[in-house]
file protein19.txt (compact mmCIF, C-alpha atoms)
# COMPACT_ATOMS: atom_id res chain seq x y z
CA MET A 2 -9.08 -195.72 96.45
CA MET A 3 -12.70 -194.82 95.70
CA ALA A 4 -14.98 -197.81 95.13
CA SER A 5 -16.45 -198.13 91.66
CA LEU A 6 -19.87 -199.41 90.60
CA ARG A 7 -21.34 -199.90 87.14
CA ILE A 8 -25.05 -199.12 87.04
CA GLY A 9 -27.54 -200.61 84.59
CA VAL A 10 -30.98 -199.03 84.31
CA VAL A 11 -34.06 -200.93 83.17
CA GLY A 12 -36.50 -198.35 81.82
CA SER A 13 -36.04 -194.99 80.16
CA ARG A 14 -38.91 -192.78 81.27
CA PHE A 15 -39.60 -190.48 84.23
CA ALA A 16 -38.15 -192.53 87.11
CA ALA A 17 -35.02 -193.41 85.13
CA HIS A 18 -34.26 -189.72 84.54
CA LEU A 19 -34.81 -188.88 88.22
CA HIS A 20 -32.34 -191.59 89.20
CA LEU A 21 -29.87 -190.42 86.56
CA ALA A 22 -29.77 -186.97 88.17
CA ALA A 23 -29.13 -188.60 91.56
CA TYR A 24 -26.31 -190.82 90.29
CA ARG A 25 -24.60 -187.72 88.94
CA ARG A 26 -24.70 -186.15 92.42
CA ALA A 27 -23.34 -189.20 94.29
CA TYR A 28 -20.07 -188.82 96.21
CA GLY A 29 -17.60 -191.21 97.82
CA VAL A 30 -18.52 -193.90 95.30
CA ASP A 31 -17.56 -193.88 91.64
CA ALA A 32 -20.99 -194.70 90.19
CA ARG A 33 -21.04 -194.87 86.42
CA LEU A 34 -24.13 -195.34 84.28
CA ALA A 35 -22.85 -198.25 82.23
CA GLY A 36 -26.00 -199.51 80.56
CA VAL A 37 -29.68 -199.01 79.80
CA THR A 38 -32.28 -201.34 78.40
CA SER A 39 -35.82 -200.47 77.41
CA PRO A 40 -38.31 -202.04 74.99
CA THR A 41 -38.71 -198.78 73.05
CA PRO A 42 -35.63 -198.30 70.82
CA GLU A 43 -36.10 -194.55 70.45
CA ARG A 44 -36.33 -193.95 74.20
CA ARG A 45 -33.51 -196.37 74.92
CA GLU A 46 -31.20 -194.57 72.50
CA ALA A 47 -32.24 -191.15 73.79
CA PHE A 48 -31.55 -192.11 77.40
CA ALA A 49 -28.20 -193.61 76.40
CA SER A 50 -27.27 -190.40 74.61
CA ALA A 51 -28.25 -188.25 77.60
CA SER A 52 -26.53 -190.44 80.19
CA GLY A 53 -23.50 -191.78 78.36
CA ALA A 54 -24.68 -195.33 79.05
CA THR A 55 -24.45 -198.13 76.52
CA PRO A 56 -27.87 -199.15 75.14
CA TYR A 57 -28.75 -202.84 75.27
CA ARG A 58 -31.68 -204.60 73.65
CA SER A 59 -32.32 -206.83 76.66
CA LEU A 60 -31.55 -207.19 80.34
CA ALA A 61 -29.70 -210.43 79.62
CA ALA A 62 -27.38 -208.60 77.26
CA MET A 63 -26.71 -205.83 79.81
CA LEU A 64 -26.13 -207.97 82.92
CA PRO A 65 -22.50 -208.99 82.23
CA HIS A 66 -21.52 -205.32 82.04
CA VAL A 67 -23.04 -203.97 85.29
CA ASP A 68 -22.80 -204.44 89.07
CA VAL A 69 -26.13 -202.87 90.04
CA VAL A 70 -29.49 -203.06 88.27
CA ASP A 71 -31.88 -200.14 88.81
CA VAL A 72 -35.44 -201.30 88.06
CA CYS A 73 -37.39 -198.34 86.65
CA ALA A 74 -39.70 -200.46 84.47
CA PRO A 75 -43.51 -200.46 84.88
CA PRO A 76 -44.65 -202.14 88.13
CA ALA A 77 -45.92 -205.33 86.47
CA GLN A 78 -42.36 -206.04 85.33
CA HIS A 79 -40.59 -205.43 88.65
CA GLU A 80 -40.51 -209.00 89.93
CA ALA A 81 -39.28 -210.60 86.70
CA VAL A 82 -36.56 -207.99 86.19
CA ALA A 83 -35.44 -208.05 89.83
CA LEU A 84 -35.25 -211.84 89.94
CA GLU A 85 -33.25 -212.07 86.72
CA ALA A 86 -30.76 -209.50 88.02
CA ILE A 87 -30.52 -211.10 91.46
CA GLU A 88 -29.93 -214.56 90.03
CA ALA A 89 -27.04 -213.04 88.05
CA GLY A 90 -25.54 -211.84 91.34
CA LYS A 91 -26.31 -208.17 90.85
CA HIS A 92 -27.37 -205.70 93.53
CA VAL A 93 -30.88 -204.42 92.82
CA VAL A 94 -32.66 -201.10 93.29
CA VAL A 95 -36.44 -201.42 92.80
CA GLU A 96 -38.50 -198.30 92.14
CA LYS A 97 -41.86 -197.91 93.84
CA PRO A 98 -44.26 -199.64 94.01
CA PHE A 99 -41.94 -202.49 94.99
CA THR A 100 -44.21 -205.08 93.41
CA GLY A 101 -47.90 -205.86 93.41
CA ALA A 102 -50.81 -207.91 92.15
CA PHE A 103 -51.76 -207.51 88.54
CA GLY A 104 -54.60 -209.96 88.39
CA PRO A 105 -56.02 -211.95 85.50
CA PRO A 106 -56.02 -210.69 81.90
CA GLY A 107 -58.45 -207.83 81.71
CA GLY A 108 -57.52 -206.21 85.00
CA GLY A 109 -57.05 -206.75 88.69
CA PRO A 110 -60.57 -205.78 89.74
CA GLY A 111 -61.71 -209.03 88.10
CA ALA A 112 -60.04 -210.92 90.92
CA GLY A 113 -61.07 -211.03 94.57
CA LYS A 114 -58.95 -208.73 96.70
CA GLU A 115 -57.83 -211.52 99.04
CA ALA A 116 -56.36 -213.32 96.02
CA LEU A 117 -54.60 -210.10 95.00
CA LEU A 118 -53.17 -209.74 98.52
CA GLU A 119 -51.76 -213.26 98.33
CA GLU A 120 -50.37 -212.59 94.85
CA ALA A 121 -48.66 -209.36 95.94
CA LEU A 122 -47.15 -210.86 99.09
CA GLY A 123 -45.96 -213.90 97.17
CA SER A 124 -44.19 -211.64 94.69
CA ALA A 125 -42.56 -209.56 97.44
CA HIS A 126 -41.44 -212.70 99.27
CA ARG A 127 -39.87 -214.19 96.16
CA ILE A 128 -37.79 -211.06 95.55
CA VAL A 129 -36.66 -210.79 99.18
CA ARG A 130 -35.88 -214.49 99.48
CA ALA A 131 -33.82 -214.48 96.25
CA ALA A 132 -31.77 -211.46 97.37
CA ARG A 133 -31.00 -213.07 100.73
CA ARG A 134 -30.03 -216.36 99.11
CA ARG A 135 -27.70 -214.67 96.62
CA GLY A 136 -26.26 -212.28 99.21
CA VAL A 137 -26.93 -209.09 97.22
CA VAL A 138 -28.20 -205.71 98.37
CA LEU A 139 -31.93 -205.18 97.84
CA ALA A 140 -32.92 -201.52 97.93
CA TYR A 141 -36.49 -200.21 97.76
CA ALA A 142 -36.45 -196.81 96.06
CA GLU A 143 -38.91 -194.97 98.31
CA ASN A 144 -37.69 -191.39 98.07
CA TRP A 145 -39.93 -190.07 100.88
CA ILE A 146 -37.84 -191.96 103.44
CA TYR A 147 -34.78 -189.98 102.34
CA ALA A 148 -36.43 -186.57 102.06
CA PRO A 149 -34.49 -184.13 104.28
CA ALA A 150 -37.65 -183.29 106.25
CA VAL A 151 -38.35 -186.95 107.03
CA GLN A 152 -34.71 -187.62 107.85
CA LYS A 153 -34.73 -184.70 110.30
CA GLU A 154 -37.82 -186.15 111.96
CA ARG A 155 -35.99 -189.49 112.18
CA GLU A 156 -33.20 -187.75 114.10
CA ILE A 157 -35.69 -186.11 116.46
CA VAL A 158 -37.44 -189.42 117.15
CA GLU A 159 -34.18 -191.28 117.75
CA LYS A 160 -32.50 -188.68 119.96
CA THR A 161 -35.49 -187.75 122.11
CA GLY A 162 -36.97 -191.21 122.62
CA ALA A 163 -40.26 -189.97 121.18
CA GLN A 164 -43.37 -192.09 121.04
CA ILE A 165 -45.29 -191.36 117.84
CA LEU A 166 -49.01 -191.40 118.59
CA TRP A 167 -50.54 -190.42 115.25
CA MET A 168 -49.32 -189.60 111.77
CA LEU A 169 -51.30 -187.94 109.01
CA GLY A 170 -50.04 -187.58 105.47
CA GLY A 171 -50.83 -187.63 101.81
CA GLU A 172 -49.70 -187.45 98.22
CA SER A 173 -51.92 -186.01 95.53
CA HIS A 174 -51.82 -184.24 92.19
CA SER A 175 -53.80 -183.99 88.96
CA GLY A 176 -52.90 -187.38 87.49
CA SER A 177 -49.87 -189.49 86.61
CA HIS A 178 -47.76 -188.91 83.52
CA SER A 179 -47.32 -192.68 83.00
CA PRO A 180 -49.15 -194.07 79.96
CA VAL A 181 -49.88 -197.36 81.79
CA TYR A 182 -51.12 -195.74 85.00
CA GLY A 183 -54.84 -196.28 85.28
CA ILE A 184 -54.67 -199.85 83.93
CA TRP A 185 -54.59 -202.34 86.80
CA ARG A 186 -52.85 -205.13 84.91
CA HIS A 187 -49.87 -202.82 84.35
CA ALA A 188 -49.89 -200.65 87.50
CA GLY A 189 -51.23 -203.01 90.16
CA GLY A 190 -53.78 -200.52 91.44
CA GLY A 191 -54.59 -196.83 91.41
CA SER A 192 -54.10 -193.97 93.85
CA LEU A 193 -53.63 -196.25 96.86
CA VAL A 194 -50.67 -198.10 95.35
CA GLY A 195 -49.28 -195.44 93.00
CA LYS A 196 -49.35 -192.53 95.42
CA GLY A 197 -50.34 -193.84 98.82
CA CYS A 198 -47.20 -195.98 98.94
CA HIS A 199 -45.11 -192.82 99.50
CA PRO A 200 -46.58 -191.39 102.73
CA LEU A 201 -47.39 -194.91 103.95
CA SER A 202 -43.76 -196.04 103.61
CA ALA A 203 -42.61 -192.93 105.47
CA CYS A 204 -45.02 -193.72 108.31
CA LEU A 205 -43.88 -197.33 108.46
CA TYR A 206 -40.25 -196.18 108.44
CA LEU A 207 -40.67 -193.71 111.31
CA LYS A 208 -42.45 -196.30 113.47
CA GLN A 209 -39.64 -198.75 112.75
CA VAL A 210 -37.11 -196.10 113.77
CA GLU A 211 -39.05 -195.36 116.95
CA GLY A 212 -39.34 -199.03 117.84
CA ARG A 213 -35.65 -199.77 117.33
CA ALA A 214 -34.70 -196.72 119.42
CA ARG A 215 -37.11 -197.33 122.31
CA LEU A 216 -37.83 -201.06 122.27
CA GLY A 217 -34.97 -202.64 120.39
CA ARG A 218 -37.31 -203.87 117.66
CA PRO A 219 -39.27 -202.25 114.82
CA ILE A 220 -42.92 -201.34 115.43
CA ARG A 221 -44.88 -202.77 112.50
CA PRO A 222 -48.38 -202.47 111.03
CA ALA A 223 -51.12 -204.61 112.58
CA THR A 224 -54.44 -203.75 110.90
CA VAL A 225 -55.73 -201.50 108.15
CA SER A 226 -59.05 -199.92 107.19
CA CYS A 227 -59.47 -198.43 103.73
CA ARG A 228 -61.91 -196.79 101.34
CA VAL A 229 -61.30 -196.19 97.64
CA HIS A 230 -63.41 -194.27 95.11
CA GLU A 231 -63.53 -193.53 91.38
CA ILE A 232 -64.50 -189.87 91.49
CA THR A 233 -63.72 -188.89 87.90
CA ARG A 234 -65.83 -191.81 86.62
CA LEU A 235 -68.94 -190.75 88.51
CA PRO A 236 -71.90 -190.12 86.16
CA GLY A 237 -72.21 -186.58 87.49
CA PHE A 238 -68.51 -185.64 87.22
CA GLN A 239 -68.02 -182.48 85.16
CA ASP A 240 -64.72 -182.62 83.30
CA ARG A 241 -63.20 -179.14 82.78
CA GLY A 242 -60.04 -180.59 81.25
CA PHE A 243 -57.65 -179.94 84.14
CA LEU A 244 -57.54 -183.43 85.67
CA ARG A 245 -56.47 -186.66 84.05
CA THR A 246 -59.56 -188.85 83.66
CA ASP A 247 -58.66 -191.77 81.36
CA TYR A 248 -58.46 -194.38 84.11
CA GLU A 249 -59.53 -197.79 82.88
CA ASP A 250 -60.17 -199.76 86.07
CA VAL A 251 -58.46 -198.14 89.09
CA GLU A 252 -59.43 -195.75 91.84
CA ASP A 253 -58.51 -192.05 91.82
CA TYR A 254 -59.08 -191.48 95.57
CA SER A 255 -58.04 -193.50 98.61
CA GLN A 256 -57.88 -193.13 102.36
CA LEU A 257 -56.03 -195.62 104.56
CA HIS A 258 -56.14 -195.97 108.35
CA VAL A 259 -53.32 -198.05 109.84
CA THR A 260 -53.01 -199.33 113.40
CA PHE A 261 -49.57 -200.46 114.54
CA ASP A 262 -48.69 -203.32 116.85
CA ASP A 263 -48.34 -200.82 119.73
CA GLY A 264 -51.88 -199.49 119.19
CA THR A 265 -50.86 -196.13 117.64
CA VAL A 266 -52.24 -195.01 114.29
CA ALA A 267 -51.56 -193.36 110.94
CA ASP A 268 -53.90 -191.96 108.27
CA VAL A 269 -52.83 -191.72 104.63
CA TYR A 270 -54.63 -189.98 101.76
CA ALA A 271 -53.83 -190.29 98.06
CA THR A 272 -55.74 -188.84 95.10
CA GLU A 273 -55.60 -187.74 91.47
CA LEU A 274 -57.93 -184.81 92.21
CA VAL A 275 -55.60 -181.98 93.26
CA LEU A 276 -54.70 -179.02 91.04
CA GLY A 277 -51.80 -176.62 91.54
CA GLY A 278 -48.90 -179.08 91.56
CA VAL A 279 -47.88 -182.03 93.69
CA HIS A 280 -49.12 -181.94 97.31
CA ASN A 281 -46.85 -184.10 99.50
CA TRP A 282 -46.97 -183.73 103.27
CA LEU A 283 -46.64 -185.65 106.52
CA GLU A 284 -47.55 -184.58 110.06
CA VAL A 285 -46.20 -186.39 113.11
CA PHE A 286 -47.88 -186.07 116.51
CA ALA A 287 -45.71 -187.53 119.26
CA ASN A 288 -45.79 -187.55 123.06
CA ASN A 289 -43.02 -184.94 123.21
CA HIS A 290 -43.19 -182.95 119.94
CA ARG A 291 -45.10 -182.23 116.74
CA THR A 292 -43.59 -182.02 113.26
CA THR A 293 -44.91 -181.08 109.82
CA CYS A 294 -42.83 -182.42 106.92
CA ARG A 295 -43.41 -180.44 103.74
CA LEU A 296 -42.06 -182.23 100.69
CA ASN A 297 -43.98 -180.31 98.05
CA PRO A 298 -44.71 -177.46 97.68
CA VAL A 299 -41.81 -175.85 99.55
CA ASN A 300 -41.75 -172.06 99.65
CA LEU A 301 -38.03 -171.38 99.50
CA LEU A 302 -38.97 -169.16 96.56
CA ASP A 303 -42.12 -167.11 95.98
CA THR A 304 -42.24 -165.95 92.38
CA TYR A 305 -44.86 -163.87 90.58
CA ASN A 306 -44.94 -164.18 86.79
CA PRO A 307 -47.46 -161.98 84.95
CA ALA A 308 -47.06 -163.79 81.60
CA ALA A 309 -46.72 -167.55 81.25
CA ALA A 310 -44.71 -167.24 78.02
CA GLN A 311 -41.81 -165.68 79.94
CA PHE A 312 -41.24 -168.96 81.80
CA THR A 313 -41.36 -171.24 78.77
CA ASP A 314 -37.83 -172.50 79.45
CA VAL A 315 -38.04 -172.27 83.26
CA TYR A 316 -38.93 -175.39 85.28
CA VAL A 317 -41.17 -174.37 88.17
CA VAL A 318 -42.40 -177.50 89.93
CA GLU A 319 -43.92 -180.84 88.96
CA LYS A 320 -47.50 -180.69 87.64
CA ILE A 321 -47.98 -177.01 88.44
CA GLY A 322 -50.50 -176.65 85.61
CA THR A 323 -49.72 -173.01 84.86
CA LYS A 324 -46.62 -170.84 85.23
CA GLU A 325 -48.61 -167.63 85.39
CA GLY A 326 -49.25 -165.82 88.67
CA TRP A 327 -47.70 -166.69 92.02
CA SER A 328 -45.83 -169.99 92.40
CA HIS A 329 -43.18 -171.70 94.52
CA PRO A 330 -40.43 -172.74 92.08
CA ALA A 331 -38.44 -175.72 93.31
CA ALA A 332 -34.86 -174.73 94.09
CA ASP A 333 -33.75 -178.39 94.06
CA GLU A 334 -36.74 -180.68 93.77
CA GLU A 335 -34.79 -183.94 93.61
CA TRP A 336 -32.99 -183.07 96.86
CA GLN A 337 -36.08 -181.94 98.79
CA GLN A 338 -37.99 -185.08 97.81
CA GLY A 339 -35.20 -187.47 98.73
CA PHE A 340 -33.97 -188.76 95.36
CA TYR A 341 -30.35 -187.79 96.00
CA GLY A 342 -30.43 -189.29 99.48
CA GLU A 343 -31.86 -192.64 98.44
CA ILE A 344 -29.33 -193.23 95.64
CA GLN A 345 -26.44 -192.17 97.90
CA ASP A 346 -27.53 -194.66 100.56
CA PHE A 347 -28.02 -197.47 98.05
CA LEU A 348 -24.59 -196.99 96.47
CA GLU A 349 -22.87 -196.96 99.86
CA CYS A 350 -24.73 -200.16 100.79
CA CYS A 351 -23.63 -201.87 97.58
CA VAL A 352 -20.00 -201.09 98.48
CA SER A 353 -20.16 -201.83 102.22
CA GLY A 354 -22.76 -204.59 102.30
CA ARG A 355 -24.86 -202.91 104.99
CA ALA A 356 -28.65 -202.86 104.71
CA PRO A 357 -30.26 -199.71 103.26
CA GLN A 358 -32.62 -197.61 105.35
CA SER A 359 -35.30 -198.47 102.78
CA GLY A 360 -34.85 -202.17 102.25
CA ALA A 361 -36.67 -205.48 102.47
CA THR A 362 -38.68 -204.88 105.65
CA ILE A 363 -40.12 -201.54 104.55
CA ALA A 364 -40.80 -202.92 101.06
CA HIS A 365 -42.55 -206.06 102.29
CA ASP A 366 -44.61 -204.25 104.95
CA THR A 367 -45.68 -201.60 102.44
CA VAL A 368 -46.90 -204.21 99.95
CA GLY A 369 -48.78 -206.10 102.65
CA THR A 370 -50.43 -202.97 104.04
CA LEU A 371 -51.51 -201.63 100.64
CA TYR A 372 -53.10 -204.83 99.43
CA ALA A 373 -54.69 -205.56 102.80
CA GLY A 374 -56.13 -202.08 102.24
CA TYR A 375 -57.82 -203.27 99.06
CA VAL A 376 -59.30 -206.21 100.98
CA SER A 377 -60.68 -203.72 103.52
CA ALA A 378 -62.08 -201.48 100.78
CA GLU A 379 -63.86 -204.49 99.28
CA ARG A 380 -65.45 -204.94 102.73
CA ALA A 381 -66.57 -201.28 102.93
CA GLY A 382 -63.73 -200.25 105.23
CA ALA A 383 -63.77 -203.09 107.75
CA ALA A 384 -60.52 -203.58 109.67
CA VAL A 385 -58.28 -206.24 108.12
CA PRO A 386 -55.09 -207.74 109.63
CA VAL A 387 -51.85 -206.84 107.85
CA PRO A 388 -49.88 -210.03 107.17
CA VAL A 389 -46.29 -209.24 108.17
CA ALA A 390 -43.43 -211.66 107.59
CA PRO A 391 -41.11 -212.59 110.49
CA LEU A 392 -38.11 -210.27 110.72
CA ALA A 393 -35.85 -213.32 110.41
CA ASP A 394 -37.19 -213.78 106.87
CA LEU A 395 -36.50 -210.16 105.92
CA GLU A 396 -33.32 -209.08 107.67
CA ALA A 397 -29.88 -210.69 107.90
call {"tool": "encode", "arguments": {"input": "protein19.txt", "output": "structure tokens"}}
result
Amino acid sequence: MMASLRIGVVGSRFAAHLHLAAYRRAYGVDARLAGVTSPTPERREAFASASGATPYRSLAAMLPHVDVVDVCAPPAQHEAVALEAIEAGKHVVVEKPFTGAFGPPGGGPGAGKEALLEEALGSAHRIVRAARRRGVVLAYAENWIYAPAVQKEREIVEKTGAQILWMLGGESHSGSHSPVYGIWRHAGGGSLVGKGCHPLSACLYLKQVEGRARLGRPIRPATVSCRVHEITRLPGFQDRGFLRTDYEDVEDYSQLHVTFDDGTVADVYATELVLGGVHNWLEVFANNHRTTCRLNPVNLLDTYNPAAAQFTDVYVVEKIGTKEGWSHPAADEEWQQGFYGEIQDFLECCVSGRAPQSGATIAHDTVGTLYAGYVSAERAGAAVPVPVAPLADLEA
């Protein structure tokens, strides 16, 4: 008999709809969207109508009716929502960024970056510790880890005993759709946290895979060097109207250099400065092979459209900007970017009790690396140790 799970979603915007599409594609587990809660009644009702879920005014009202809580709320709410669900004995899926530091009223930059690092790590530790104590599955919804290209590279690393020497990757586009992005007290940072978390988590994941395959233990981050900039707020910036520019107190460019505990390295770029759609990529340079993972754009299709109006009802690709001229329409964007894979893994883990590929260790190490990056940036790029928790505190 197929196992059955009732899913409750917290949030009703972009991430919630991506996850909805993935739940509908799940197999081997009867996953039913049973509830949704969101502070905006109109959006809550609209999501309920689209998904068939029951709308609830609060998380507390929804909890008795679900088995899994999918946290798609703004980042500043992740910890509170996750802890409430965990204490109720529910499995939890937490959208990226896992958690963070949101600083004093008025914005995170008003606080020293070391204090923000401590705040972020404290939040991550509280979530992980609660999930272990209650014996529930804690899944970190980092879709890059489940992208088919990254999963194929995982297979290559595992089966060939590869040693990864250097990784280089990035995520960029023309600016987030989220109304709270650009406000530190809501988002917990800018490009580094909001976009850099994706390629960074993939790098951390592949080094963990390599370490477990070759050494019997995960290879983890050791130090980080970082620079961040606010390019669109420069006095000389000329705004032509193509980039989002209404950032209140966060960076729109970041570069992160990570050294691992085996001495190898990774470089991660993340910006809000790129036109022409989302640019997601990861290159892996190993001692026995080289791989380029292309998440977006992917040229399965090359389409020329001489008149934008013809494609009014045709989805091309996220943040393309214009549908006129040549483009690479996404044949199945959610699949190629790993959304189907992550939800499938999480549902199977909730039924079997096994740990997800993207779970507590990846989540905790990502938070620590990102916020140690802000400490480094405050010190003009000086190397800063990444505080990693003992594996015994993260894994069963």
call {"tool": "atom_distance", "arguments": {"input": "protein19.txt", "atom1": "atom CA of A:Glu334", "atom2": "atom CA of A:Ser177"}}
result
17.4 Å
call {"tool": "closest_atom_pairs", "arguments": {"input": "protein19.txt", "of": "stretch 203-300 of chain A", "to": "stretch 343-358 of chain A", "cutoff": "12 Å", "atoms": "all atoms listed in the file", "output": "JSON lines"}}
result
{"residue": "A:Ala203", "atom": "CA", "partner": "A:Gln358", "partner_atom": "CA", "distance": 11.0}
{"residue": "A:Leu205", "atom": "CA", "partner": "A:Gln358", "partner_atom": "CA", "distance": 11.7}
{"residue": "A:Tyr206", "atom": "CA", "partner": "A:Gln358", "partner_atom": "CA", "distance": 8.4}
{"residue": "A:Leu207", "atom": "CA", "partner": "A:Gln358", "partner_atom": "CA", "distance": 10.7}
{"residue": "A:Gln209", "atom": "CA", "partner": "A:Gln358", "partner_atom": "CA", "distance": 10.3}
{"residue": "A:Val210", "atom": "CA", "partner": "A:Gln358", "partner_atom": "CA", "distance": 9.7}
call {"tool": "atom_distance", "arguments": {"input": "protein19.txt", "atom1": "atom CA of A:His199", "atom2": "atom CA of A:Trp145"}}
result
6.0 Å
call {"tool": "closest_residue", "arguments": {"input": "protein19.txt", "among": "A:Val69, A:His365, A:Glu231, A:Ser13", "to": "A:Pro56", "atoms": "only C-alpha atoms"}}
result
A:Ser13
call {"tool": "closest_residue", "arguments": {"input": "protein19.txt", "among": "A:Ala4, A:Ala121, A:Cys204, A:Leu274", "to": "A:Phe238", "atoms": "only C-alpha atoms"}}
result
A:Leu274
call {"tool": "atom_distance", "arguments": {"input": "protein19.txt", "atom1": "atom CA of A:Thr313", "atom2": "atom CA of A:Arg295"}}
result
26.7 Å
call {"tool": "residues_around", "arguments": {"input": "protein19.txt", "residues": "A:Gln337", "least_positions_apart": "2", "cutoff": "10 Å", "atoms": "only C-alpha atoms", "output": "list in words"}}
result
Asn144, Trp145, Tyr147, Ala148, Pro149, Ala150, Val151, Arg295, Leu296, Asn297, Pro298, Val299, Ala331, Ala332, Asp333, Glu334, Glu335, Gly339, Phe340, Tyr341 and Gly342 of chain A
call {"tool": "write_last_selection", "arguments": {"input": "protein19.txt", "atoms": "C-alpha atoms", "output": "compact mmCIF listing (two decimals), in the coordinates of the input"}}
result
# COMPACT_ATOMS: atom_id res chain seq x y z
CA ASN A 144 -37.69 -191.39 98.07
CA TRP A 145 -39.93 -190.07 100.88
CA TYR A 147 -34.78 -189.98 102.34
CA ALA A 148 -36.43 -186.57 102.06
CA PRO A 149 -34.49 -184.13 104.28
CA ALA A 150 -37.65 -183.29 106.25
CA VAL A 151 -38.35 -186.95 107.03
CA ARG A 295 -43.41 -180.44 103.74
CA LEU A 296 -42.06 -182.23 100.69
CA ASN A 297 -43.98 -180.31 98.05
CA PRO A 298 -44.71 -177.46 97.68
CA VAL A 299 -41.81 -175.85 99.55
CA ALA A 331 -38.44 -175.72 93.31
CA ALA A 332 -34.86 -174.73 94.09
CA ASP A 333 -33.75 -178.39 94.06
CA GLU A 334 -36.74 -180.68 93.77
CA GLU A 335 -34.79 -183.94 93.61
CA GLY A 339 -35.20 -187.47 98.73
CA PHE A 340 -33.97 -188.76 95.36
CA TYR A 341 -30.35 -187.79 96.00
CA GLY A 342 -30.43 -189.29 99.48
call {"tool": "closest_residue", "arguments": {"input": "protein19.txt", "among": "A:Trp327, A:Tyr24, A:Tyr375, A:Phe15", "to": "A:Arg44", "atoms": "all atoms listed in the file"}}
result
A:Phe15
call {"tool": "residues_around", "arguments": {"input": "protein19.txt", "residues": "stretch 234-236 of chain A", "least_positions_apart": "3", "cutoff": "12 Å", "atoms": "all atoms listed in the file", "output": "VMD selection string"}}
result
chain A and resid 183 230 to 231 239 to 240 244 to 254 274
call {"tool": "closest_residue", "arguments": {"input": "protein19.txt", "among": "A:Gly136, A:Glu172, A:Leu302, A:Glu396", "to": "A:Arg218", "atoms": "all atoms listed in the file"}}
result
A:Glu396
call {"tool": "residues_around", "arguments": {"input": "protein19.txt", "residues": "A:Pro200", "least_positions_apart": "2", "cutoff": "7 Å", "atoms": "only C-alpha atoms", "output": "PyMOL selection string"}}
result
chain A and resi 170-172+197-198+202-204+269+283
call {"tool": "closest_residue", "arguments": {"input": "protein19.txt", "among": "A:Arg33, A:Lys91, A:His174, A:His187", "to": "A:Ala77", "atoms": "all atoms listed in the file"}}
result
A:His187
call {"tool": "closest_residue", "arguments": {"input": "protein19.txt", "among": "A:Arg241, A:Arg135, A:Lys320, A:Arg155", "to": "A:Thr292", "atoms": "all atoms listed in the file"}}
result
A:Arg155
call {"tool": "residues_around", "arguments": {"input": "protein19.txt", "residues": "A:Pro65", "least_positions_apart": "6", "cutoff": "12 Å", "atoms": "all atoms listed in the file", "output": "PyMOL selection string"}}
result
chain A and resi 7-9+35-36+57+59+86+89-91
call {"tool": "write_last_selection", "arguments": {"input": "protein19.txt", "atoms": "C-alpha atoms", "output": "PDB file, in the coordinates of the input"}}
result
ATOM      1  CA  ARG A   7     -21.340-199.900  87.140  1.00  0.00           C
ATOM      2  CA  ILE A   8     -25.050-199.120  87.040  1.00  0.00           C
ATOM      3  CA  GLY A   9     -27.540-200.610  84.590  1.00  0.00           C
ATOM      4  CA  ALA A  35     -22.850-198.250  82.230  1.00  0.00           C
ATOM      5  CA  GLY A  36     -26.000-199.510  80.560  1.00  0.00           C
ATOM      6  CA  TYR A  57     -28.750-202.840  75.270  1.00  0.00           C
ATOM      7  CA  SER A  59     -32.320-206.830  76.660  1.00  0.00           C
ATOM      8  CA  ALA A  86     -30.760-209.500  88.020  1.00  0.00           C
ATOM      9  CA  ALA A  89     -27.040-213.040  88.050  1.00  0.00           C
ATOM     10  CA  GLY A  90     -25.540-211.840  91.340  1.00  0.00           C
ATOM     11  CA  LYS A  91     -26.310-208.170  90.850  1.00  0.00           C
TER      12      LYS A  91
END
call {"tool": "residues_around", "arguments": {"input": "protein19.txt", "residues": "A:Leu118", "least_positions_apart": "2", "cutoff": "12 Å", "atoms": "all atoms listed in the file", "output": "compact mmCIF listing (two decimals) with C-alpha atoms, in the coordinates of the input"}}
result
# COMPACT_ATOMS: atom_id res chain seq x y z
CA THR A 100 -44.21 -205.08 93.41
CA GLY A 101 -47.90 -205.86 93.41
CA ALA A 102 -50.81 -207.91 92.15
CA PHE A 103 -51.76 -207.51 88.54
CA GLY A 104 -54.60 -209.96 88.39
CA GLY A 109 -57.05 -206.75 88.69
CA ALA A 112 -60.04 -210.92 90.92
CA GLY A 113 -61.07 -211.03 94.57
CA LYS A 114 -58.95 -208.73 96.70
CA GLU A 115 -57.83 -211.52 99.04
CA ALA A 116 -56.36 -213.32 96.02
CA GLU A 120 -50.37 -212.59 94.85
CA ALA A 121 -48.66 -209.36 95.94
CA LEU A 122 -47.15 -210.86 99.09
CA GLY A 123 -45.96 -213.90 97.17
CA SER A 124 -44.19 -211.64 94.69
CA ALA A 125 -42.56 -209.56 97.44
CA GLY A 189 -51.23 -203.01 90.16
CA GLY A 190 -53.78 -200.52 91.44
CA HIS A 365 -42.55 -206.06 102.29
CA THR A 367 -45.68 -201.60 102.44
CA VAL A 368 -46.90 -204.21 99.95
CA GLY A 369 -48.78 -206.10 102.65
CA THR A 370 -50.43 -202.97 104.04
CA LEU A 371 -51.51 -201.63 100.64
CA TYR A 372 -53.10 -204.83 99.43
CA ALA A 373 -54.69 -205.56 102.80
CA GLY A 374 -56.13 -202.08 102.24
CA TYR A 375 -57.82 -203.27 99.06
CA VAL A 376 -59.30 -206.21 100.98
CA SER A 377 -60.68 -203.72 103.52
CA GLU A 379 -63.86 -204.49 99.28
CA VAL A 385 -58.28 -206.24 108.12
CA PRO A 386 -55.09 -207.74 109.63
CA VAL A 387 -51.85 -206.84 107.85
CA PRO A 388 -49.88 -210.03 107.17
CA VAL A 389 -46.29 -209.24 108.17
